[in-house]
Amino acid sequence: MKVRTRFAPSPTGRMHVGNLRTALYAYLITRHAGGDYILRIEDTDQEREMEGAVDIINRTLEKAGLQYDEGPDKDGGLGPYVQSERVKSGIYMKYARELVDKGEAYYCFCTPERLAGLKTKVDGTDKEISVYDKHCLGLSEAEVAEKLASGIPYVIRQNNPSEGTTSFHDDIYGDISVDNAELDDMILIKSDGFPTYNFANVVDDHLMGITHVVRGNEYLSSSPKYNRLYEAFGWDIPEYIHCPLITDEEHKKLSKRSGHSSFEDLLEQGFLPEAIVNFVALLGWSPDDNQEIMSLEELIRKFDYHKINKSPAVFDYGKLKWMNGEYIKKMPFEDFYSMALPYIKEVINKDLDLKKIAGMVQSRIEVFTDIRDHIDFFETLPEYDTEMYVHKKMKTTKESSLEALEKILPLLKEQNDWSNDALYEAFKGFAEKEGLKNGQILWPLRTAVSGKQMTPGGATELMEIFGKEESIARVEKGVEMLKSDL
């Protein structure tokens with residue numbers, strides 16, 4: 001049997017990390033087995049559909065490297081792959097009526113007002129649920145025919161048993177049994193003629209030959225209803241792979257308010273697509289060798305869905321940043337520079353060697369947005385406290401720093417070769433002559449030219465980029481500040 005998986009998102013906005021993980025796991029399962037990966041757009045909930053959301057889905061899959069074999073623009077002979085287009089062909093109504101004929105579904109003509117009256121509170125909570133009372137199941141064939149002929153609005157409901165239990169198997173959570181009393185008669189066809197997600201995905205999964213269904217564990221409770229549909233039609237039930245919940249660091253469900261719940265949120269925060277995919281793959285799964293940094297090709301080779309953990313997965317933002325930093329370090333410099341340049345230009349307008357600046361920060365950042373804070377001093381010398389000149393390890397004080405800067409200023413003005421190496425040799429020779437450690441010269445210089453405690457390069461590297469005039473001006477400014485403070 002050829003493995004066929006699908007990713008079936010609803011076009012309702014940016015792709016949540018949980019949806020991305022579903023898409024990724026389905027992709028890894030089918031690629032590992034040499035099967036087919038299908039994209040199906042489930043847009044039956046027209047009220048929630050957001051303009052441009054399909055483009056977001058396509059863009060996300062492309063950037064994540066998840067290439068599908070069949071989809072809206074790749075018809076494999078089982079299309080259309082957009083549910084609203086499938087509605088027009090009458091597929092869902094055809095199968096719903098087949099269930100009605102079998103007694104597995106029935107027409108429901110109840111008004112919204114009557115349904116509102118069926119709501120009951122869940123014990124111990126303020127939450128209300130609506131459990132349908134099978135009122136319309138008792139209508140005679142003649143009554144149903146009359147109401148249909150009269151044009152009374154209706155839905156088609158699944159006819160679930162109210163006694164006994166229904167069991168099913170999930171590859172992650174094992175065998176699960178549910179009391180049939182908990183199985184509400186869910187709506188299959190809505191009053192607008194559109195199928196519900198619950199019905200359409202069962203019909204489409206069967207017609208498209210889906211063998212493995214990957215989804216979040218919030219659908220565990222609905223699986224018995226899906227299985228009853230498969231059984232009513234006499235169809236094979238696919239393998240179920242329900243993925244664990246994703247929580248934030250406080251073990252609360254990851255929400256849009258977290259600021260990093262979607263793929264595009266993370267891209268805007270300076271993360272690389274490859275790092276995001278690598279991190280998301282580890283939200284509930286890890287390889288036998290515990291390797292953490294893996295390319296998509298490595299993930300395909302190592303992924304075993306039977307090893308998915310049933311416990312909630314924690315979205316560790318710090319770990320994602322670390323992982324992204326590792327990817328950035330390994331980038332070819334030209335690729336890094338191309339991506340870093342817009343961030344550099346946000347803060348630097350001066351005519352400086354931006355490539356050298358990029359080279360300084362590549363190994364020091366975790367996300368591209370970190371670049372701004374690492375390089376802002378190149379544009380403008382920030383205000384800083386002269387306490388920064390004091391460094392116990394370097395054995396510098398304000399007094400020693402002032403003395404060193406005043407003595408080295410004439411050397412700076414006489415220096416013609418302003419390259420990093422030449423400056424370093426000049427300062428090293430000066431330190432030897434004065435009986436000082438290199439740090440007793442370089443620390444005050446770095447502080448004076450940057451005004452920052454931490455910089456992406458040493459004093460001579462920074463001075464080479466600033467050039468002679470700007471470097472001397474900043475050192476003179478440091479001398480003035482130290483004099484006024486002592």
# chains A, B, ... in the order shown; residues from 1 in each chain; ligands from 1
$ select_by_dssp --residues "stretch 45-164 of chain A" --states "strand (DSSP E)" --output "PyMOL selection string"
chain A and resi 105-108+119-121+128-130+155-158
$ residues_around --residues "A:Ser262" --least-positions-apart "6" --cutoff "12 Å" --atoms "only C-alpha atoms" --output "list in words"
Gly13, Arg14, Met15, His16, Val17, Gly18, Asn19, Leu20, Arg21, Ile56, Ile57, Thr60, Leu254, Ser255, Lys256, Glu268, Gln269, Phe271, Pro273, Ile276, Val277, Val280 and Phe315 of chain A
$ atom_distance --atom1 "atom CA of A:Gln440" --atom2 "atom CA of A:His391"
9.1 Å
$ atom_distance --atom1 "atom CA of A:Val131" --atom2 "atom CA of A:Asp185"
7.9 Å
$ atom_distance --atom1 "atom CA of A:Ser484" --atom2 "atom CA of A:Gly439"
23.5 Å
$ residues_around --residues "A:Tyr154" --least-positions-apart "6" --cutoff "12 Å" --atoms "only C-alpha atoms" --output "number ranges by chain"
A: 106-112, 136, 144-145, 147-148, 187-194
$ write_last_selection --atoms "N, CA and C atoms" --output "CSV table (one decimal), in the first residue's frame"
chain,number,residue,atom,x,y,z
A,106,TYR,N,-30.0,11.9,9.2
A,106,TYR,CA,-31.3,12.4,9.0
A,106,TYR,C,-31.4,13.9,8.8
A,107,TYR,N,-32.5,14.3,8.2
A,107,TYR,CA,-32.8,15.7,8.0
A,107,TYR,C,-33.2,16.3,9.4
A,108,CYS,N,-32.7,17.5,9.7
A,108,CYS,CA,-33.1,18.2,10.9
A,108,CYS,C,-33.6,19.6,10.5
A,109,PHE,N,-34.8,20.0,10.9
A,109,PHE,CA,-35.5,21.2,10.5
A,109,PHE,C,-35.6,22.2,11.7
A,110,CYS,N,-34.9,21.9,12.8
A,110,CYS,CA,-35.1,22.7,14.0
A,110,CYS,C,-34.6,24.1,13.8
A,111,THR,N,-35.3,25.1,14.4
A,111,THR,CA,-34.9,26.5,14.2
A,111,THR,C,-33.8,26.8,15.2
A,112,PRO,N,-33.1,27.9,14.9
A,112,PRO,CA,-32.0,28.4,15.8
A,112,PRO,C,-32.6,28.6,17.2
A,136,CYS,N,-35.8,15.6,15.4
A,136,CYS,CA,-36.2,15.4,14.0
A,136,CYS,C,-36.0,13.9,13.5
A,144,VAL,N,-41.0,14.6,6.5
A,144,VAL,CA,-39.7,15.0,6.0
A,144,VAL,C,-39.9,15.5,4.5
A,145,ALA,N,-40.7,14.7,3.7
A,145,ALA,CA,-40.9,15.1,2.3
A,145,ALA,C,-41.7,16.4,2.2
A,147,LYS,N,-41.8,18.9,4.4
A,147,LYS,CA,-40.9,20.0,4.8
A,147,LYS,C,-39.9,20.4,3.7
A,148,LEU,N,-39.3,19.3,3.1
A,148,LEU,CA,-38.4,19.6,2.0
A,148,LEU,C,-39.1,20.3,0.9
A,187,ILE,N,-23.6,17.8,12.8
A,187,ILE,CA,-24.1,18.3,11.5
A,187,ILE,C,-23.1,17.8,10.4
A,188,LEU,N,-23.6,17.3,9.4
A,188,LEU,CA,-22.8,16.9,8.2
A,188,LEU,C,-23.0,17.9,7.1
A,189,ILE,N,-24.2,18.3,6.8
A,189,ILE,CA,-24.4,19.3,5.8
A,189,ILE,C,-25.1,20.5,6.4
A,190,LYS,N,-24.6,21.7,6.3
A,190,LYS,CA,-25.2,22.9,6.9
A,190,LYS,C,-26.3,23.4,6.1
A,191,SER,N,-27.0,24.4,6.6
A,191,SER,CA,-28.2,24.9,6.0
A,191,SER,C,-27.9,25.6,4.7
A,192,ASP,N,-26.6,26.1,4.5
A,192,ASP,CA,-26.3,26.7,3.2
A,192,ASP,C,-25.8,25.7,2.2
A,193,GLY,N,-25.9,24.4,2.5
A,193,GLY,CA,-25.6,23.4,1.5
A,193,GLY,C,-24.1,23.0,1.6
A,194,PHE,N,-23.3,23.7,2.4
A,194,PHE,CA,-21.9,23.3,2.5
A,194,PHE,C,-21.7,22.2,3.6
$ residues_around --residues "A:Leu283" --least-positions-apart "5" --cutoff "9 Å" --atoms "only C-alpha atoms" --output "list in words"
Arg21, Pro244, Ile246, Ile308, Asn309, Pro312, Ala313, Val314 and Phe315 of chain A
$ closest_residue --among "A:Thr12, A:Ser400, A:Gln67, A:Asn217" --to "A:Asp55" --atoms "only C-alpha atoms"
A:Thr12
$ closest_residue --among "A:Glu346, A:Asp316, A:Asp170, A:Glu264" --to "A:Thr247" --atoms "only C-alpha atoms"
A:Asp316
$ residues_around --residues "A:Leu118" --least-positions-apart "2" --cutoff "6 Å" --atoms "only C-alpha atoms" --output "PyMOL selection string"
chain A and resi 115-116+130
$ write_last_selection --atoms "N, CA, C and O atoms" --output "mmCIF file, in the first residue's frame"
data_model
loop_
_atom_site.group_PDB
_atom_site.id
_atom_site.type_symbol
_atom_site.label_atom_id
_atom_site.label_comp_id
_atom_site.auth_asym_id
_atom_site.auth_seq_id
_atom_site.Cartn_x
_atom_site.Cartn_y
_atom_site.Cartn_z
ATOM 1 N N LEU A 115 -32.875 25.282 19.005
ATOM 2 C CA LEU A 115 -31.542 24.757 19.321
ATOM 3 C C LEU A 115 -30.917 25.500 20.493
ATOM 4 O O LEU A 115 -30.238 24.906 21.334
ATOM 5 N N ALA A 116 -31.187 26.810 20.558
ATOM 6 C CA ALA A 116 -30.648 27.608 21.664
ATOM 7 C C ALA A 116 -31.190 27.120 22.996
ATOM 8 O O ALA A 116 -30.519 27.167 24.029
ATOM 9 N N SER A 130 -24.227 22.416 23.556
ATOM 10 C CA SER A 130 -25.525 22.107 22.959
ATOM 11 C C SER A 130 -25.526 20.639 22.533
ATOM 12 O O SER A 130 -24.709 20.231 21.699
#
$ residues_around --residues "stretch 198-201 of chain A" --least-positions-apart "5" --cutoff "9 Å" --atoms "only C-alpha atoms" --output "list in words"
Ala8, Glu42, Thr44, Gln83, Tyr92, Ala96, Met186, Ile187, Leu188, Ile189, His206, Ser222, Lys225, Tyr226 and Leu229 of chain A
$ residues_around --residues "A:Gly270" --least-positions-apart "5" --cutoff "9 Å" --atoms "only C-alpha atoms" --output "count of residues only"
6
$ decode --residues "stretch 108-137 of chain A" --atoms "N, CA and C atoms" --output "PDB file, in the first residue's frame"
ATOM      1  N   CYS A 108     -32.725  17.529   9.662  1.00  0.00           N
ATOM      2  CA  CYS A 108     -33.111  18.245  10.882  1.00  0.00           C
ATOM      3  C   CYS A 108     -33.597  19.636  10.485  1.00  0.00           C
ATOM      4  N   PHE A 109     -34.834  19.962  10.886  1.00  0.00           N
ATOM      5  CA  PHE A 109     -35.457  21.234  10.507  1.00  0.00           C
ATOM      6  C   PHE A 109     -35.583  22.184  11.708  1.00  0.00           C
ATOM      7  N   CYS A 110     -34.915  21.885  12.807  1.00  0.00           N
ATOM      8  CA  CYS A 110     -35.055  22.687  14.028  1.00  0.00           C
ATOM      9  C   CYS A 110     -34.561  24.116  13.795  1.00  0.00           C
ATOM     10  N   THR A 111     -35.299  25.069  14.361  1.00  0.00           N
ATOM     11  CA  THR A 111     -34.946  26.480  14.221  1.00  0.00           C
ATOM     12  C   THR A 111     -33.812  26.835  15.179  1.00  0.00           C
ATOM     13  N   PRO A 112     -33.097  27.924  14.899  1.00  0.00           N
ATOM     14  CA  PRO A 112     -32.045  28.373  15.819  1.00  0.00           C
ATOM     15  C   PRO A 112     -32.582  28.595  17.232  1.00  0.00           C
ATOM     16  N   GLU A 113     -33.822  29.094  17.316  1.00  0.00           N
ATOM     17  CA  GLU A 113     -34.409  29.363  18.629  1.00  0.00           C
ATOM     18  C   GLU A 113     -34.571  28.054  19.428  1.00  0.00           C
ATOM     19  N   ARG A 114     -35.049  27.010  18.752  1.00  0.00           N
ATOM     20  CA  ARG A 114     -35.215  25.732  19.459  1.00  0.00           C
ATOM     21  C   ARG A 114     -33.857  25.171  19.891  1.00  0.00           C
ATOM     22  N   LEU A 115     -32.875  25.282  19.005  1.00  0.00           N
ATOM     23  CA  LEU A 115     -31.542  24.757  19.321  1.00  0.00           C
ATOM     24  C   LEU A 115     -30.917  25.500  20.493  1.00  0.00           C
ATOM     25  N   ALA A 116     -31.187  26.810  20.558  1.00  0.00           N
ATOM     26  CA  ALA A 116     -30.648  27.608  21.664  1.00  0.00           C
ATOM     27  C   ALA A 116     -31.190  27.120  22.996  1.00  0.00           C
ATOM     28  N   GLY A 117     -32.398  26.636  22.981  1.00  0.00           N
ATOM     29  CA  GLY A 117     -33.028  26.143  24.199  1.00  0.00           C
ATOM     30  C   GLY A 117     -32.477  24.812  24.665  1.00  0.00           C
ATOM     31  N   LEU A 118     -31.680  24.165  23.837  1.00  0.00           N
ATOM     32  CA  LEU A 118     -31.113  22.867  24.199  1.00  0.00           C
ATOM     33  C   LEU A 118     -29.770  22.988  24.898  1.00  0.00           C
ATOM     34  N   LYS A 119     -29.248  24.207  25.013  1.00  0.00           N
ATOM     35  CA  LYS A 119     -27.932  24.394  25.621  1.00  0.00           C
ATOM     36  C   LYS A 119     -27.995  24.111  27.115  1.00  0.00           C
ATOM     37  N   THR A 120     -26.991  23.404  27.589  1.00  0.00           N
ATOM     38  CA  THR A 120     -26.892  23.103  29.020  1.00  0.00           C
ATOM     39  C   THR A 120     -25.488  23.437  29.503  1.00  0.00           C
ATOM     40  N   LYS A 121     -25.374  23.786  30.773  1.00  0.00           N
ATOM     41  CA  LYS A 121     -24.073  24.131  31.340  1.00  0.00           C
ATOM     42  C   LYS A 121     -23.322  22.861  31.740  1.00  0.00           C
ATOM     43  N   VAL A 122     -21.995  22.925  31.510  1.00  0.00           N
ATOM     44  CA  VAL A 122     -21.134  21.822  31.936  1.00  0.00           C
ATOM     45  C   VAL A 122     -20.967  21.936  33.438  1.00  0.00           C
ATOM     46  N   ASP A 123     -21.099  20.819  34.140  1.00  0.00           N
ATOM     47  CA  ASP A 123     -21.022  20.831  35.604  1.00  0.00           C
ATOM     48  C   ASP A 123     -19.767  21.529  36.100  1.00  0.00           C
ATOM     49  N   GLY A 124     -19.975  22.468  37.028  1.00  0.00           N
ATOM     50  CA  GLY A 124     -18.853  23.146  37.670  1.00  0.00           C
ATOM     51  C   GLY A 124     -18.186  24.217  36.847  1.00  0.00           C
ATOM     52  N   THR A 125     -18.761  24.559  35.684  1.00  0.00           N
ATOM     53  CA  THR A 125     -18.162  25.597  34.833  1.00  0.00           C
ATOM     54  C   THR A 125     -19.253  26.528  34.320  1.00  0.00           C
ATOM     55  N   ASP A 126     -18.791  27.610  33.660  1.00  0.00           N
ATOM     56  CA  ASP A 126     -19.723  28.533  33.012  1.00  0.00           C
ATOM     57  C   ASP A 126     -19.933  28.175  31.553  1.00  0.00           C
ATOM     58  N   LYS A 127     -19.242  27.124  31.100  1.00  0.00           N
ATOM     59  CA  LYS A 127     -19.302  26.736  29.691  1.00  0.00           C
ATOM     60  C   LYS A 127     -20.642  26.086  29.370  1.00  0.00           C
ATOM     61  N   GLU A 128     -21.204  26.489  28.224  1.00  0.00           N
ATOM     62  CA  GLU A 128     -22.457  25.900  27.758  1.00  0.00           C
ATOM     63  C   GLU A 128     -22.201  25.012  26.552  1.00  0.00           C
ATOM     64  N   ILE A 129     -22.859  23.871  26.513  1.00  0.00           N
ATOM     65  CA  ILE A 129     -22.760  23.003  25.339  1.00  0.00           C
ATOM     66  C   ILE A 129     -24.169  22.712  24.832  1.00  0.00           C
ATOM     67  N   SER A 130     -24.227  22.416  23.556  1.00  0.00           N
ATOM     68  CA  SER A 130     -25.525  22.107  22.959  1.00  0.00           C
ATOM     69  C   SER A 130     -25.526  20.639  22.533  1.00  0.00           C
ATOM     70  N   VAL A 131     -26.370  19.850  23.139  1.00  0.00           N
ATOM     71  CA  VAL A 131     -26.490  18.436  22.802  1.00  0.00           C
ATOM     72  C   VAL A 131     -27.849  18.231  22.144  1.00  0.00           C
ATOM     73  N   TYR A 132     -27.823  17.836  20.887  1.00  0.00           N
ATOM     74  CA  TYR A 132     -29.083  17.694  20.166  1.00  0.00           C
ATOM     75  C   TYR A 132     -29.877  16.496  20.686  1.00  0.00           C
ATOM     76  N   ASP A 133     -31.183  16.645  20.753  1.00  0.00           N
ATOM     77  CA  ASP A 133     -32.053  15.634  21.380  1.00  0.00           C
ATOM     78  C   ASP A 133     -32.707  14.672  20.381  1.00  0.00           C
ATOM     79  N   LYS A 134     -32.219  14.650  19.148  1.00  0.00           N
ATOM     80  CA  LYS A 134     -32.732  13.742  18.102  1.00  0.00           C
ATOM     81  C   LYS A 134     -34.209  13.998  17.768  1.00  0.00           C
ATOM     82  N   HIS A 135     -34.675  15.196  18.022  1.00  0.00           N
ATOM     83  CA  HIS A 135     -36.087  15.520  17.801  1.00  0.00           C
ATOM     84  C   HIS A 135     -36.554  15.158  16.381  1.00  0.00           C
ATOM     85  N   CYS A 136     -35.757  15.565  15.393  1.00  0.00           N
ATOM     86  CA  CYS A 136     -36.185  15.371  14.002  1.00  0.00           C
ATOM     87  C   CYS A 136     -35.998  13.935  13.517  1.00  0.00           C
ATOM     88  N   LEU A 137     -35.290  13.113  14.277  1.00  0.00           N
ATOM     89  CA  LEU A 137     -35.151  11.714  13.901  1.00  0.00           C
ATOM     90  C   LEU A 137     -36.509  11.008  13.938  1.00  0.00           C
TER      91      LEU A 137
END
